[in-house]
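Below: the structure, in structure tokens.
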Amino acid sequence: MITKFREQEYILHRYKGNPIITTKDFPVPVEAVFNCGQTVFKGQIVLLIAAIYKNDINGNKTGIHVAMSHDGINFEIENKPLCSNRKWADIPGDCDCWVIDPRVTKIDDTYYIVRPAQIKPGKGLDIGPAAILEKTKDFKKLEFVDCIALPTNRVPCLFPEKINGMYVRLDRPYSVVRVNEPSNSRDDKLTHGMWISYSPDLIYWGHHRPLLYPPLSFANYKVGPTPPIKTKDGWLEIIHGVYLENREWCYSIGAVLLDLNDPSKIISALDHWILTPVEYYEINGRSENTVFTCGAIADETADTIRIYYGAADECIGLATGKLSELLETLKSQRMKEQVKSL
């Protein structure tokens, strides 16, 4: 088990009552509740919770359920999933067999949900995940928009507004399948990183450019995005970072700051996690040694950032901190890097 990152909490602090949502809290029998999209709707905190069912529900092994809360701690979870297996492509077999890991972004009065659609066309084939876009205005009715990313790409994340007249997204496309842990070769370390792209209509995407790749101190294998948050200092981008050592994984959470007018420019990328697996519920589970988030909720007026995260793919935890501290730390690291370069 990788233990090198187990230090005192840094910027983010766990809620003392963690985990806040477990399988026992769910309204239907489930094996796991984990990675959740997160946003605010009519003054309530909304989580879109990925669940693995104990028994198939209407032929579905997984689903994404809406949970709402006035206090951010106690959630009312819907019995029926908002997102479930959808026949969006006319192919043999299954084009949407593992409904998990939603990312949600509010643009104007609409909430856009991007999630992976695992494609298995039959005959033992597994193409991997494409990304599909759905939308809702009330978290009750869901409308399919389109498939917006080819396999294998499971994490496109939308910016909450147009920039220079274009919609913008971050994602983490896969390239080659890794057999061995990272070596010292540059190509091996650049396998899974983040890209940025642009669209006139949220469907047709282009002008793809690489944005961020390992290594970071806590991520020698891959990094991936969440929906960016607009702040006075830039676009705050909460990321996951994966460290691989001796065929073992460690999923941590980090932070990046992007330029407001040109988000392809990185202002600062923290070379230190802001949350890493330490607690028993983060270390032990379906995916050991894992804290993973699909988003964050920030409030500049209240000076808070809260992150609901999947812990070991078993349950959901909450970590909070001061938004100003995170932004100042990001800016401070940038200044240190500038001094070093002189």
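Ligands are numbered from 1 in the order shown, chains are lettered A, B, ... in the order of the structure tokens, and residues start at 1 in each chain.
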List as a PyMOL selection string the protein and nucleic acid residues near Val278 of chain A, meaning an atom at most 12 Å away when only C-alpha atoms are counted, but skip any in the same chain fewer than 6 places from it.
chain A and resi 1-9+13-14+250-252+284+288-291+311-312
Could you save those same residues with C-alpha atoms as a short mmCIF file (atom, residue, chain, number, x, y, z; two decimals), in the first residue's frame?
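The resulting file, again-v2.cif, is reproduced below:
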```
data_model
loop_
_atom_site.label_atom_id
_atom_site.label_comp_id
_atom_site.auth_asym_id
_atom_site.auth_seq_id
_atom_site.Cartn_x
_atom_site.Cartn_y
_atom_site.Cartn_z
CA MET A 1 0.00 0.00 0.00
CA ILE A 2 1.34 3.44 -0.97
CA THR A 3 1.74 5.48 2.22
CA LYS A 4 4.23 8.21 1.23
CA PHE A 5 1.51 10.87 0.94
CA ARG A 6 -0.04 10.32 4.36
CA GLU A 7 0.67 13.61 6.07
CA GLN A 8 -1.45 16.09 8.01
CA GLU A 9 -4.44 17.60 6.20
CA HIS A 13 -10.38 19.20 6.03
CA ARG A 14 -12.62 16.17 6.35
CA CYS A 250 -3.09 6.04 -5.01
CA TYR A 251 -5.81 8.46 -6.15
CA SER A 252 -5.47 11.96 -4.69
CA ASN A 284 -10.23 -0.05 2.09
CA GLU A 288 -8.30 0.80 -2.43
CA ASN A 289 -6.35 3.94 -1.59
CA THR A 290 -8.74 6.27 -3.43
CA VAL A 291 -10.30 9.70 -2.99
CA ALA A 311 -13.95 7.04 -1.02
CA ALA A 312 -12.51 3.71 -2.24
#
```
By how many Å are atom CA of Ala50 of chain A and atom CA of Asp126 of chain A apart?
20.9 Å
Determine, counting only C-alpha atoms, which protein, DNA and RNA residues have an atom within 12 Å of an atom of Lys16 of chain A; residues of the same chain fewer than 3 positions away are not included. Present the result as a ChimeraX atom specification.
/A:13,19-20,73,279,317-320
Dump of N, CA, C and O atoms for the selected residues, as a JSON list (two decimals), in the first residue's frame:
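Generated output (part-v2.json):
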```
[["chain", "number", "residue", "atom", "x", "y", "z"],
["A", 13, "HIS", "N", -10.22, 19.88, 4.76],
["A", 13, "HIS", "CA", -10.38, 19.20, 6.03],
["A", 13, "HIS", "C", -11.64, 18.33, 5.98],
["A", 13, "HIS", "O", -12.71, 18.79, 5.57],
["A", 19, "PRO", "N", -17.95, 8.79, 6.72],
["A", 19, "PRO", "CA", -18.54, 9.14, 5.43],
["A", 19, "PRO", "C", -19.99, 9.61, 5.61],
["A", 19, "PRO", "O", -20.71, 9.10, 6.48],
["A", 20, "ILE", "N", -20.41, 10.58, 4.79],
["A", 20, "ILE", "CA", -21.74, 11.14, 4.97],
["A", 20, "ILE", "C", -22.83, 10.34, 4.27],
["A", 20, "ILE", "O", -24.00, 10.44, 4.63],
["A", 73, "ILE", "N", -25.24, 18.16, 4.46],
["A", 73, "ILE", "CA", -24.84, 16.97, 5.22],
["A", 73, "ILE", "C", -25.90, 15.87, 5.11],
["A", 73, "ILE", "O", -25.59, 14.71, 4.85],
["A", 279, "GLU", "N", -7.92, 7.89, 5.74],
["A", 279, "GLU", "CA", -8.88, 7.24, 6.63],
["A", 279, "GLU", "C", -9.20, 5.83, 6.16],
["A", 279, "GLU", "O", -9.04, 5.50, 4.97],
["A", 317, "GLY", "N", -17.55, 10.88, 0.99],
["A", 317, "GLY", "CA", -17.07, 11.74, 2.06],
["A", 317, "GLY", "C", -17.19, 13.20, 1.66],
["A", 317, "GLY", "O", -17.44, 13.54, 0.50],
["A", 318, "LEU", "N", -16.99, 14.07, 2.64],
["A", 318, "LEU", "CA", -17.02, 15.51, 2.41],
["A", 318, "LEU", "C", -15.75, 16.13, 2.98],
["A", 318, "LEU", "O", -15.35, 15.83, 4.11],
["A", 319, "ALA", "N", -15.13, 17.00, 2.19],
["A", 319, "ALA", "CA", -13.98, 17.78, 2.67],
["A", 319, "ALA", "C", -14.23, 19.24, 2.34],
["A", 319, "ALA", "O", -14.74, 19.57, 1.26],
["A", 320, "THR", "N", -13.90, 20.13, 3.28],
["A", 320, "THR", "CA", -14.14, 21.56, 3.09],
["A", 320, "THR", "C", -12.88, 22.35, 3.43],
["A", 320, "THR", "O", -11.99, 21.87, 4.13]]
```
Within 8 Å of Gln38 of chain A using only C-alpha atoms, minus same-chain residues under 2 positions, as a list in words:
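The contact residues come out as Cys36, Val40, Ile45, Val46, Leu47, Leu48, Arg103, Val104, Cys294, Gly295, Ala296, Ile297 and Tyr308 of chain A.
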Next, the residues of the selection above should be written as a short mmCIF file (atom, residue, chain, number, x, y, z; two decimals), in the first residue's frame with C-alpha atoms.
```
data_model
loop_
_atom_site.label_atom_id
_atom_site.label_comp_id
_atom_site.auth_asym_id
_atom_site.auth_seq_id
_atom_site.Cartn_x
_atom_site.Cartn_y
_atom_site.Cartn_z
CA CYS A 36 -20.83 12.10 -7.50
CA VAL A 40 -26.41 24.01 -6.37
CA ILE A 45 -26.85 21.25 -2.70
CA VAL A 46 -27.39 18.55 -5.32
CA LEU A 47 -25.36 15.39 -5.67
CA LEU A 48 -25.65 13.05 -8.64
CA ARG A 103 -19.92 15.73 -14.23
CA VAL A 104 -22.51 18.52 -14.00
CA CYS A 294 -16.33 14.65 -10.07
CA GLY A 295 -16.55 18.30 -9.06
CA ALA A 296 -16.53 20.91 -6.32
CA ILE A 297 -18.77 23.67 -4.96
CA TYR A 308 -17.96 15.59 -2.10
#
```
Do you know which residues are at most 9 Å from segment 254-260 of chain A counting only C-alpha atoms, after dropping those on the same chain fewer than 6 positions away, and could you put them as JSON, numbers by chain?
{"A": [163, 218, 228, 230, 231, 232, 233, 234, 235, 236, 237, 238, 239, 240, 241, 266, 267, 268, 269, 270, 271, 272, 273, 274, 275, 276, 326, 327, 330, 331]}
Please produce an output containing C-alpha atoms for each residue in the selection, written as a compact mmCIF listing (two decimals), in the first residue's frame.
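File written: result.txt
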```txt
# COMPACT_ATOMS: atom_id res chain seq x y z
CA ILE A 163 -15.17 32.17 -23.49
CA PHE A 218 1.36 12.96 -6.23
CA PRO A 228 -13.94 24.46 -13.75
CA LYS A 230 -14.86 30.81 -12.02
CA THR A 231 -13.10 32.93 -9.39
CA LYS A 232 -11.67 36.45 -9.35
CA ASP A 233 -8.17 34.98 -9.69
CA GLY A 234 -8.86 32.58 -12.56
CA TRP A 235 -10.59 29.31 -13.36
CA LEU A 236 -10.15 27.00 -10.40
CA GLU A 237 -9.74 23.45 -11.66
CA ILE A 238 -9.94 20.59 -9.17
CA ILE A 239 -8.19 17.50 -10.53
CA HIS A 240 -7.54 13.91 -9.60
CA GLY A 241 -4.01 12.60 -9.74
CA ILE A 266 -1.98 27.51 -16.69
CA ILE A 267 -1.36 30.12 -14.01
CA SER A 268 -0.39 27.55 -11.39
CA ALA A 269 -0.62 23.81 -10.72
CA LEU A 270 -0.12 22.75 -7.12
CA ASP A 271 2.61 20.16 -6.80
CA HIS A 272 0.94 18.88 -3.63
CA TRP A 273 -2.36 17.11 -3.11
CA ILE A 274 -5.18 18.88 -1.27
CA LEU A 275 -6.73 15.56 -0.23
CA THR A 276 -5.17 12.10 -0.22
CA LEU A 326 -6.51 27.52 -1.85
CA LEU A 327 -6.30 30.42 -4.30
CA LEU A 330 -1.92 28.48 -5.95
CA LYS A 331 -0.78 32.05 -6.60
```
Could you go through segment 210-294 of chain A and tell me which residues DSSP, when run on the backbone, assigns to strand (DSSP E), listing them as a PyMOL selection string?
chain A and resi 210-212+222-224+229-231+234-245+248-258+266-269+291-293
Show which residues sit within 9 Å of Tyr111 of chain A, as an NGL selection string. Count only C-alpha atoms, and ignore same-chain residues fewer than 4 positions away.
:A and (39 or 104-107 or 134-139)
Selection above as a file: C-alpha atoms, as a PDB file, in the first residue's frame:
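Resulting contents of result07.pdb:
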```pdb
ATOM      1  CA  THR A  39     -23.910  21.589  -7.916  1.00  0.00           C
ATOM      2  CA  VAL A 104     -22.508  18.522 -13.999  1.00  0.00           C
ATOM      3  CA  THR A 105     -22.166  22.141 -15.165  1.00  0.00           C
ATOM      4  CA  LYS A 106     -24.779  24.885 -15.044  1.00  0.00           C
ATOM      5  CA  ILE A 107     -24.847  27.063 -18.162  1.00  0.00           C
ATOM      6  CA  GLU A 134     -27.514  15.019 -21.226  1.00  0.00           C
ATOM      7  CA  LYS A 135     -29.303  18.040 -19.773  1.00  0.00           C
ATOM      8  CA  THR A 136     -31.969  18.982 -17.267  1.00  0.00           C
ATOM      9  CA  LYS A 137     -33.538  22.086 -15.785  1.00  0.00           C
ATOM     10  CA  ASP A 138     -35.152  20.512 -12.729  1.00  0.00           C
ATOM     11  CA  PHE A 139     -33.302  17.224 -12.017  1.00  0.00           C
TER      12      PHE A 139
END
```
Could you pull out the residues in segment 28-224 of chain A that DSSP calls helix (DSSP H, G or I) from the backbone, as a list in words?
Arg186, Asp187, Asp188 and Lys189 of chain A
Would you kindly return, as a VMD selection string, each protein, DNA or RNA residue with an atom no farther than 8 Å from any atom of Trp195 of chain A, considering only C-alpha atoms and excluding same-chain residues fewer than 5 positions away?
chain A and resid 170 to 173 208 to 212
Nearest residue to Asp56 of chain A from the set A:Cys97, A:Ile21, A:Cys147, A:Ile11 (distances using only C-alpha atoms):
A:Cys97
Length of the atom CA of Gly128 of chain A to atom CA of Asp201 of chain A vector [Å]:
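We find that atom CA of Gly128 of chain A and atom CA of Asp201 of chain A lie 25.2 Å from each other.
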Here atom CA of Leu202 of chain A and atom CA of Cys83 of chain A stand apart by 19.3 Å
